[in-house]
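Q: One structure coming up, written as structure tokens, with questions to follow.
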Amino acid sequence: MRFQRVLIVAIVCSILSGIRVSAAEWGLKEGTPEVKSAGPLAFGPDGILFVGDTKSATVFAIGTGDTKGNPATTNINVSGLNAKVAELLGVNADKVTINDLAVNPLTGNVFLSVTKAGNAALVKVSGDGKLSQVGLQKVAFLKVELPNAAEDKEITRNGRSMNLRSDSITDLAYAEGKVFVSGVSNEKSSSNVREIPFPFSDSSAGSSVEIYHAAHGRVEDYAAIRTFVPINIDGEASLLAGFVCTPLVKFPVNNLKAGEKTRGTTVAELGNRNKPLDMIVYKKDGKDFLLMSNSARGVMKISTDGITKNAGLTEPVKDGNTAGQKFETIKELEGVVQLDRLNEGHAVVVVQSAGGSQDLRTIALP
């Protein structure tokens, strides 16, 4: 028995040592990250989870140690997700907001960013549907603060009161050794994209971005990107980004130069009075598609065919009409508010009912 105990301890220490070594290789150090708000999520290498903290305008890299699993065989379905998250965190369901989800591509496990009675929390949903809180005490982490984020104060714009700090980080993604961060800055042209090498050093001021918003019939440089995906289009690394009301805009990564302004190519206008919520890219029958959830226009499957030759919209698109890249609305996915790709053929989605209950489901990519 003593030998078995020693062997078990040795195995556990070996596993923990592996996690520490992996984290150390990326510059992560043990400590307690002061995450004030948990917003956009994205996974990087070796189970490292990037967390966008809008309140402190900081991106955290957290070593989860979540490296064992098989996304190809994972099938997660949890009914009443928000109620179960609330129960786990010890609060009533009306005190919980699920802000984002990210699937760990190494394991297929789902991670949720949560606001719990005004405080930040992270929750893991394992492949068998079990929920657990992600501890933030004595974990391996690294952080980078955004140097020119919007101030944390109430302002009035177009007759409406708002705090732009809540949009300091609207989305983030990891690709090719870099973390891309969208949001608003304190610059005059406030719509911003940052390209931050990982491991983190310091963040640059980012690139100011502007678009031709066909539904509004004008050039805009103040509205933040709401959701985006990195994508390689005919060998060119790009970001495809969705904005409110709902232009889809392509930004070649090489054009995103720190301290400069660039105008994207508006490759589609997908309808006004709508906010894009989340977006993934996937391959089906040898072609790349976007799957985008929306506040008022359902889930759209958007074709990338001909996008390289798409010169962009330059004339107004009025009366709620659409133009540009072709798309179809997937009626079977009504109510989807969050999504992430699980494997080559499936995605994980959060579906919200009219009554407010949310379910976590695994779906076949359309």
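Residues are named by chain letter and number: chains run A, B, ... in the order of the structure tokens, numbers start at 1 in each chain, and ligands are numbered from 1 in the order shown.
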Skip Lys153 of chain A itself and residues of its chain fewer than 5 positions away, then list as a PDB file with C-alpha atoms, in the first residue's frame all residues within 12 Å of it, counting only C-alpha atoms.

A:
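Below is the file around_32.pdb, written as the result:
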```pdb
ATOM      1  CA  LYS A  55     -13.052  46.702 -16.684  1.00  0.00           C
ATOM      2  CA  SER A 161     -25.212  57.819 -21.960  1.00  0.00           C
ATOM      3  CA  MET A 162     -22.553  55.102 -22.126  1.00  0.00           C
ATOM      4  CA  ASN A 163     -19.287  53.929 -20.608  1.00  0.00           C
ATOM      5  CA  LEU A 164     -16.910  53.066 -23.436  1.00  0.00           C
ATOM      6  CA  ARG A 165     -14.638  51.109 -21.088  1.00  0.00           C
ATOM      7  CA  SER A 166     -17.131  48.237 -21.400  1.00  0.00           C
ATOM      8  CA  ASP A 167     -16.093  48.067 -25.085  1.00  0.00           C
ATOM      9  CA  ASN A 186      -9.226  56.719 -26.253  1.00  0.00           C
TER      10      ASN A 186
END
```

Q: Excluding same-chain residues fewer than 4 positions from segment 283-287 of chain A, what lies within 10 Å of it counting only C-alpha atoms, as a short mmCIF file (atom, residue, chain, number, x, y, z; two decimals) with C-alpha atoms, in the first residue's frame?

A:
```cif
data_model
loop_
_atom_site.label_atom_id
_atom_site.label_comp_id
_atom_site.auth_asym_id
_atom_site.auth_seq_id
_atom_site.Cartn_x
_atom_site.Cartn_y
_atom_site.Cartn_z
CA SER A 303 -20.02 31.95 -48.08
CA THR A 304 -16.44 33.06 -48.70
CA ASP A 305 -16.62 32.26 -52.43
CA GLU A 344 -14.21 19.39 -37.94
CA GLY A 345 -17.90 18.59 -38.10
CA LEU A 365 -22.03 22.27 -38.66
CA PRO A 366 -24.56 23.16 -41.39
#
```

Q: For Ser182 of chain A, which residue among A:Pro40, A:Leu89, A:Val114, A:Gly259 is the nearest when counting only C-alpha atoms?

A: A:Pro40

Q: Just checking: using only C-alpha atoms, which residue out of A:Ala83, A:Leu290, A:Ser353, A:Lys250 ends up closest to Glu328 of chain A?

A: A:Leu290

Q: Pick from A:Gly31, A:Pro45, A:Gly335, A:Pro147: nearest to Gly355 of chain A, with only C-alpha atoms counted?

A: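 Result for the nearest residue to Gly355 of chain A: A:Gly335.
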
Q: Would you mind listing what lies within 12 Å of segment 331-334 of chain A as a PDB file with N, CA and C atoms, in the first residue's frame, with only C-alpha atoms counted and same-chain residues fewer than 4 positions away left out?

A:
```
ATOM      1  N   LEU A 291     -19.962  31.073 -39.718  1.00  0.00           N
ATOM      2  CA  LEU A 291     -21.231  30.870 -39.029  1.00  0.00           C
ATOM      3  C   LEU A 291     -21.319  31.966 -37.977  1.00  0.00           C
ATOM      4  N   MET A 292     -22.312  32.841 -38.115  1.00  0.00           N
ATOM      5  CA  MET A 292     -22.408  34.007 -37.257  1.00  0.00           C
ATOM      6  C   MET A 292     -23.769  34.075 -36.583  1.00  0.00           C
ATOM      7  N   SER A 293     -23.767  34.169 -35.253  1.00  0.00           N
ATOM      8  CA  SER A 293     -25.010  34.354 -34.510  1.00  0.00           C
ATOM      9  C   SER A 293     -25.277  35.842 -34.354  1.00  0.00           C
ATOM     10  N   ASN A 294     -26.556  36.199 -34.290  1.00  0.00           N
ATOM     11  CA  ASN A 294     -26.972  37.604 -34.289  1.00  0.00           C
ATOM     12  C   ASN A 294     -28.068  37.855 -33.272  1.00  0.00           C
ATOM     13  N   SER A 295     -28.210  39.113 -32.878  1.00  0.00           N
ATOM     14  CA  SER A 295     -29.235  39.467 -31.898  1.00  0.00           C
ATOM     15  C   SER A 295     -30.633  39.411 -32.489  1.00  0.00           C
ATOM     16  N   ALA A 296     -30.775  39.756 -33.789  1.00  0.00           N
ATOM     17  CA  ALA A 296     -32.116  39.884 -34.370  1.00  0.00           C
ATOM     18  C   ALA A 296     -32.284  39.172 -35.700  1.00  0.00           C
ATOM     19  N   ARG A 297     -31.238  38.622 -36.267  1.00  0.00           N
ATOM     20  CA  ARG A 297     -31.323  38.044 -37.606  1.00  0.00           C
ATOM     21  C   ARG A 297     -30.869  36.592 -37.664  1.00  0.00           C
ATOM     22  N   GLY A 298     -30.974  35.899 -36.536  1.00  0.00           N
ATOM     23  CA  GLY A 298     -30.702  34.473 -36.530  1.00  0.00           C
ATOM     24  C   GLY A 298     -29.237  34.135 -36.742  1.00  0.00           C
ATOM     25  N   VAL A 299     -28.981  32.874 -37.080  1.00  0.00           N
ATOM     26  CA  VAL A 299     -27.627  32.393 -37.360  1.00  0.00           C
ATOM     27  C   VAL A 299     -27.438  32.326 -38.863  1.00  0.00           C
ATOM     28  N   MET A 300     -26.396  33.005 -39.338  1.00  0.00           N
ATOM     29  CA  MET A 300     -26.124  33.085 -40.773  1.00  0.00           C
ATOM     30  C   MET A 300     -24.951  32.198 -41.155  1.00  0.00           C
ATOM     31  N   LYS A 301     -25.114  31.430 -42.220  1.00  0.00           N
ATOM     32  CA  LYS A 301     -24.020  30.696 -42.853  1.00  0.00           C
ATOM     33  C   LYS A 301     -23.582  31.518 -44.060  1.00  0.00           C
ATOM     34  N   GLN A 338     -24.191  32.208 -28.382  1.00  0.00           N
ATOM     35  CA  GLN A 338     -22.748  31.990 -28.356  1.00  0.00           C
ATOM     36  C   GLN A 338     -22.443  30.697 -29.090  1.00  0.00           C
ATOM     37  N   LEU A 339     -21.250  30.650 -29.706  1.00  0.00           N
ATOM     38  CA  LEU A 339     -20.846  29.422 -30.375  1.00  0.00           C
ATOM     39  C   LEU A 339     -19.341  29.350 -30.512  1.00  0.00           C
ATOM     40  N   ALA A 347     -20.016  22.024 -33.723  1.00  0.00           N
ATOM     41  CA  ALA A 347     -19.809  23.216 -32.910  1.00  0.00           C
ATOM     42  C   ALA A 347     -20.561  23.052 -31.608  1.00  0.00           C
ATOM     43  N   VAL A 348     -20.170  23.850 -30.614  1.00  0.00           N
ATOM     44  CA  VAL A 348     -20.903  23.936 -29.355  1.00  0.00           C
ATOM     45  C   VAL A 348     -21.578  25.295 -29.311  1.00  0.00           C
ATOM     46  N   VAL A 349     -22.854  25.333 -28.938  1.00  0.00           N
ATOM     47  CA  VAL A 349     -23.617  26.575 -28.935  1.00  0.00           C
ATOM     48  C   VAL A 349     -24.347  26.748 -27.608  1.00  0.00           C
ATOM     49  N   VAL A 350     -24.598  28.011 -27.252  1.00  0.00           N
ATOM     50  CA  VAL A 350     -25.503  28.340 -26.154  1.00  0.00           C
ATOM     51  C   VAL A 350     -26.792  28.851 -26.783  1.00  0.00           C
ATOM     52  N   VAL A 351     -27.896  28.184 -26.462  1.00  0.00           N
ATOM     53  CA  VAL A 351     -29.205  28.537 -27.014  1.00  0.00           C
ATOM     54  C   VAL A 351     -30.060  29.121 -25.901  1.00  0.00           C
ATOM     55  N   GLN A 352     -30.609  30.295 -26.153  1.00  0.00           N
ATOM     56  CA  GLN A 352     -31.451  30.960 -25.165  1.00  0.00           C
ATOM     57  C   GLN A 352     -32.913  30.885 -25.559  1.00  0.00           C
ATOM     58  N   SER A 353     -33.759  30.467 -24.609  1.00  0.00           N
ATOM     59  CA  SER A 353     -35.187  30.394 -24.864  1.00  0.00           C
ATOM     60  C   SER A 353     -35.838  31.732 -24.596  1.00  0.00           C
ATOM     61  N   ALA A 354     -37.079  31.877 -25.005  1.00  0.00           N
ATOM     62  CA  ALA A 354     -37.812  33.127 -24.789  1.00  0.00           C
ATOM     63  C   ALA A 354     -37.962  33.431 -23.308  1.00  0.00           C
ATOM     64  N   ARG A 361     -25.451  23.060 -26.204  1.00  0.00           N
ATOM     65  CA  ARG A 361     -25.711  21.958 -27.128  1.00  0.00           C
ATOM     66  C   ARG A 361     -24.535  21.756 -28.077  1.00  0.00           C
ATOM     67  N   THR A 362     -24.380  20.522 -28.499  1.00  0.00           N
ATOM     68  CA  THR A 362     -23.453  20.194 -29.576  1.00  0.00           C
ATOM     69  C   THR A 362     -24.274  20.032 -30.853  1.00  0.00           C
ATOM     70  N   ILE A 363     -23.865  20.725 -31.920  1.00  0.00           N
ATOM     71  CA  ILE A 363     -24.613  20.679 -33.182  1.00  0.00           C
ATOM     72  C   ILE A 363     -23.688  20.289 -34.329  1.00  0.00           C
ATOM     73  N   ALA A 364     -24.269  19.711 -35.368  1.00  0.00           N
ATOM     74  CA  ALA A 364     -23.529  19.467 -36.606  1.00  0.00           C
ATOM     75  C   ALA A 364     -23.393  20.777 -37.359  1.00  0.00           C
ATOM     76  N   LEU A 365     -22.220  21.049 -37.877  1.00  0.00           N
ATOM     77  CA  LEU A 365     -22.025  22.272 -38.660  1.00  0.00           C
ATOM     78  C   LEU A 365     -22.834  22.190 -39.937  1.00  0.00           C
ATOM     79  N   PRO A 366     -23.623  23.230 -40.244  1.00  0.00           N
ATOM     80  CA  PRO A 366     -24.557  23.156 -41.388  1.00  0.00           C
ATOM     81  C   PRO A 366     -23.842  23.234 -42.736  1.00  0.00           C
TER      82      PRO A 366
END
```

Q: Within 12 Å of Lys84 of chain A, counting only C-alpha atoms, which residues qualify if same-chain residues fewer than 6 places away don't, as a list in words?

A: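 That gives Val78, Gly90, Val91, Asn92, Ala93, Asp94, Val96, Thr97, Ile98, Val123, Lys124, Val125, Gly129, Lys130, Leu131, Ser132, Gln133, Ser357, Gln358, Asp359 and Leu360 of chain A.
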
Q: So, counting only C-alpha atoms, which residue among A:Glu30, A:Asp128, A:Glu25, A:Glu145 is closest to Ser203 of chain A?

A: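 With only C-alpha atoms as the atom set, the closest residue is A:Glu145.
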
Q: I'd like the neighbourhood of Gly206 of chain A as an MDAnalysis selection string, where a residue qualifies if any of its atoms comes within 7 Å (using only C-alpha atoms), though same-chain residues fewer than 2 positions away should be ignored.

A: chainID A and resid 192:195 204 208 258:259

Q: What is the distance, in Å and to one decimal place, between atom CA of Gly27 of chain A and atom CA of Phe141 of chain A?

A: 8.2 Å

Q: Could you find all residues in segment 22-237 of chain A that DSSP calls helix (DSSP H, G or I) from the backbone, and write them as a PDB file with N, CA and C atoms, in the first residue's frame?

A:
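Writing done, so here's states-v2.pdb:
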```pdb
ATOM      1  N   SER A  22       5.249  23.536 -18.976  1.00  0.00           N
ATOM      2  CA  SER A  22       4.584  24.061 -20.157  1.00  0.00           C
ATOM      3  C   SER A  22       4.254  25.533 -19.979  1.00  0.00           C
ATOM      4  N   ALA A  23       3.714  25.899 -18.805  1.00  0.00           N
ATOM      5  CA  ALA A  23       3.376  27.287 -18.540  1.00  0.00           C
ATOM      6  C   ALA A  23       4.629  28.156 -18.529  1.00  0.00           C
ATOM      7  N   ALA A  24       5.705  27.636 -17.903  1.00  0.00           N
ATOM      8  CA  ALA A  24       6.942  28.405 -17.808  1.00  0.00           C
ATOM      9  C   ALA A  24       7.534  28.671 -19.185  1.00  0.00           C
ATOM     10  N   GLU A  25       7.373  27.703 -20.088  1.00  0.00           N
ATOM     11  CA  GLU A  25       7.899  27.892 -21.444  1.00  0.00           C
ATOM     12  C   GLU A  25       7.264  29.091 -22.136  1.00  0.00           C
ATOM     13  N   PRO A  45      -1.987  28.122 -27.203  1.00  0.00           N
ATOM     14  CA  PRO A  45      -1.296  26.830 -27.163  1.00  0.00           C
ATOM     15  C   PRO A  45      -1.341  26.190 -25.775  1.00  0.00           C
ATOM     16  N   ASP A  46      -1.229  24.872 -25.733  1.00  0.00           N
ATOM     17  CA  ASP A  46      -1.038  24.126 -24.485  1.00  0.00           C
ATOM     18  C   ASP A  46      -2.088  24.415 -23.422  1.00  0.00           C
ATOM     19  N   GLY A  47      -3.337  24.587 -23.833  1.00  0.00           N
ATOM     20  CA  GLY A  47      -4.410  24.797 -22.872  1.00  0.00           C
ATOM     21  C   GLY A  47      -4.392  26.156 -22.199  1.00  0.00           C
ATOM     22  N   PRO A  71     -11.481  15.972 -28.585  1.00  0.00           N
ATOM     23  CA  PRO A  71     -12.588  16.752 -29.162  1.00  0.00           C
ATOM     24  C   PRO A  71     -13.362  15.994 -30.231  1.00  0.00           C
ATOM     25  N   ALA A  72     -12.701  15.040 -30.919  1.00  0.00           N
ATOM     26  CA  ALA A  72     -13.359  14.327 -32.013  1.00  0.00           C
ATOM     27  C   ALA A  72     -14.531  13.484 -31.526  1.00  0.00           C
ATOM     28  N   THR A  73     -14.494  13.080 -30.255  1.00  0.00           N
ATOM     29  CA  THR A  73     -15.561  12.225 -29.737  1.00  0.00           C
ATOM     30  C   THR A  73     -16.428  12.929 -28.687  1.00  0.00           C
ATOM     31  N   LEU A  81     -28.332  25.540 -18.538  1.00  0.00           N
ATOM     32  CA  LEU A  81     -26.932  25.854 -18.252  1.00  0.00           C
ATOM     33  C   LEU A  81     -26.790  27.012 -17.270  1.00  0.00           C
ATOM     34  N   ASN A  82     -27.512  28.109 -17.520  1.00  0.00           N
ATOM     35  CA  ASN A  82     -27.341  29.278 -16.649  1.00  0.00           C
ATOM     36  C   ASN A  82     -27.776  28.982 -15.220  1.00  0.00           C
ATOM     37  N   ALA A  83     -28.826  28.185 -15.041  1.00  0.00           N
ATOM     38  CA  ALA A  83     -29.261  27.819 -13.696  1.00  0.00           C
ATOM     39  C   ALA A  83     -28.219  26.942 -13.003  1.00  0.00           C
ATOM     40  N   LYS A  84     -27.585  26.038 -13.763  1.00  0.00           N
ATOM     41  CA  LYS A  84     -26.578  25.164 -13.169  1.00  0.00           C
ATOM     42  C   LYS A  84     -25.296  25.921 -12.843  1.00  0.00           C
ATOM     43  N   VAL A  85     -24.950  26.903 -13.679  1.00  0.00           N
ATOM     44  CA  VAL A  85     -23.806  27.758 -13.367  1.00  0.00           C
ATOM     45  C   VAL A  85     -24.076  28.546 -12.093  1.00  0.00           C
ATOM     46  N   ALA A  86     -25.292  29.077 -11.968  1.00  0.00           N
ATOM     47  CA  ALA A  86     -25.660  29.835 -10.768  1.00  0.00           C
ATOM     48  C   ALA A  86     -25.583  28.963  -9.521  1.00  0.00           C
ATOM     49  N   GLU A  87     -26.079  27.729  -9.627  1.00  0.00           N
ATOM     50  CA  GLU A  87     -26.030  26.801  -8.487  1.00  0.00           C
ATOM     51  C   GLU A  87     -24.583  26.516  -8.096  1.00  0.00           C
ATOM     52  N   LEU A  88     -23.744  26.283  -9.095  1.00  0.00           N
ATOM     53  CA  LEU A  88     -22.325  26.019  -8.838  1.00  0.00           C
ATOM     54  C   LEU A  88     -21.669  27.184  -8.103  1.00  0.00           C
ATOM     55  N   LEU A  89     -22.014  28.414  -8.504  1.00  0.00           N
ATOM     56  CA  LEU A  89     -21.375  29.600  -7.945  1.00  0.00           C
ATOM     57  C   LEU A  89     -22.074  30.122  -6.691  1.00  0.00           C
ATOM     58  N   ALA A  93     -30.111  32.480 -10.184  1.00  0.00           N
ATOM     59  CA  ALA A  93     -29.903  32.495 -11.634  1.00  0.00           C
ATOM     60  C   ALA A  93     -29.938  33.906 -12.211  1.00  0.00           C
ATOM     61  N   ASP A  94     -30.738  34.812 -11.600  1.00  0.00           N
ATOM     62  CA  ASP A  94     -30.811  36.173 -12.127  1.00  0.00           C
ATOM     63  C   ASP A  94     -29.572  36.989 -11.799  1.00  0.00           C
ATOM     64  N   LYS A  95     -28.634  36.414 -11.042  1.00  0.00           N
ATOM     65  CA  LYS A  95     -27.379  37.100 -10.714  1.00  0.00           C
ATOM     66  C   LYS A  95     -26.217  36.615 -11.572  1.00  0.00           C
ATOM     67  N   LEU A 164     -17.634  53.749 -22.371  1.00  0.00           N
ATOM     68  CA  LEU A 164     -16.910  53.066 -23.436  1.00  0.00           C
ATOM     69  C   LEU A 164     -15.901  52.049 -22.911  1.00  0.00           C
ATOM     70  N   ARG A 165     -15.567  52.109 -21.619  1.00  0.00           N
ATOM     71  CA  ARG A 165     -14.638  51.109 -21.088  1.00  0.00           C
ATOM     72  C   ARG A 165     -15.213  49.700 -21.252  1.00  0.00           C
ATOM     73  N   SER A 166     -16.525  49.567 -21.234  1.00  0.00           N
ATOM     74  CA  SER A 166     -17.131  48.237 -21.400  1.00  0.00           C
ATOM     75  C   SER A 166     -16.871  47.662 -22.793  1.00  0.00           C
ATOM     76  N   ASP A 167     -16.454  48.522 -23.738  1.00  0.00           N
ATOM     77  CA  ASP A 167     -16.093  48.067 -25.085  1.00  0.00           C
ATOM     78  C   ASP A 167     -14.586  48.123 -25.322  1.00  0.00           C
TER      79      ASP A 167
END
```

Q: Using only C-alpha atoms, pick whichever of A:Val229, A:Leu313, A:Ile196, A:Leu136 has the shortest atom-to-atom distance to Val59 of chain A.

A: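 Among the listed residues, A:Ile196 lies closest to Val59 of chain A.
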
Q: Apply DSSP to the structure's backbone, then extract all residues of segment 74-189 of chain A labelled strand (DSSP E) and return them as a PyMOL selection string.

A: chain A and resi 96-103+110-116+119-125+131-133+139-145+154-157+160-163+171-175+178-184
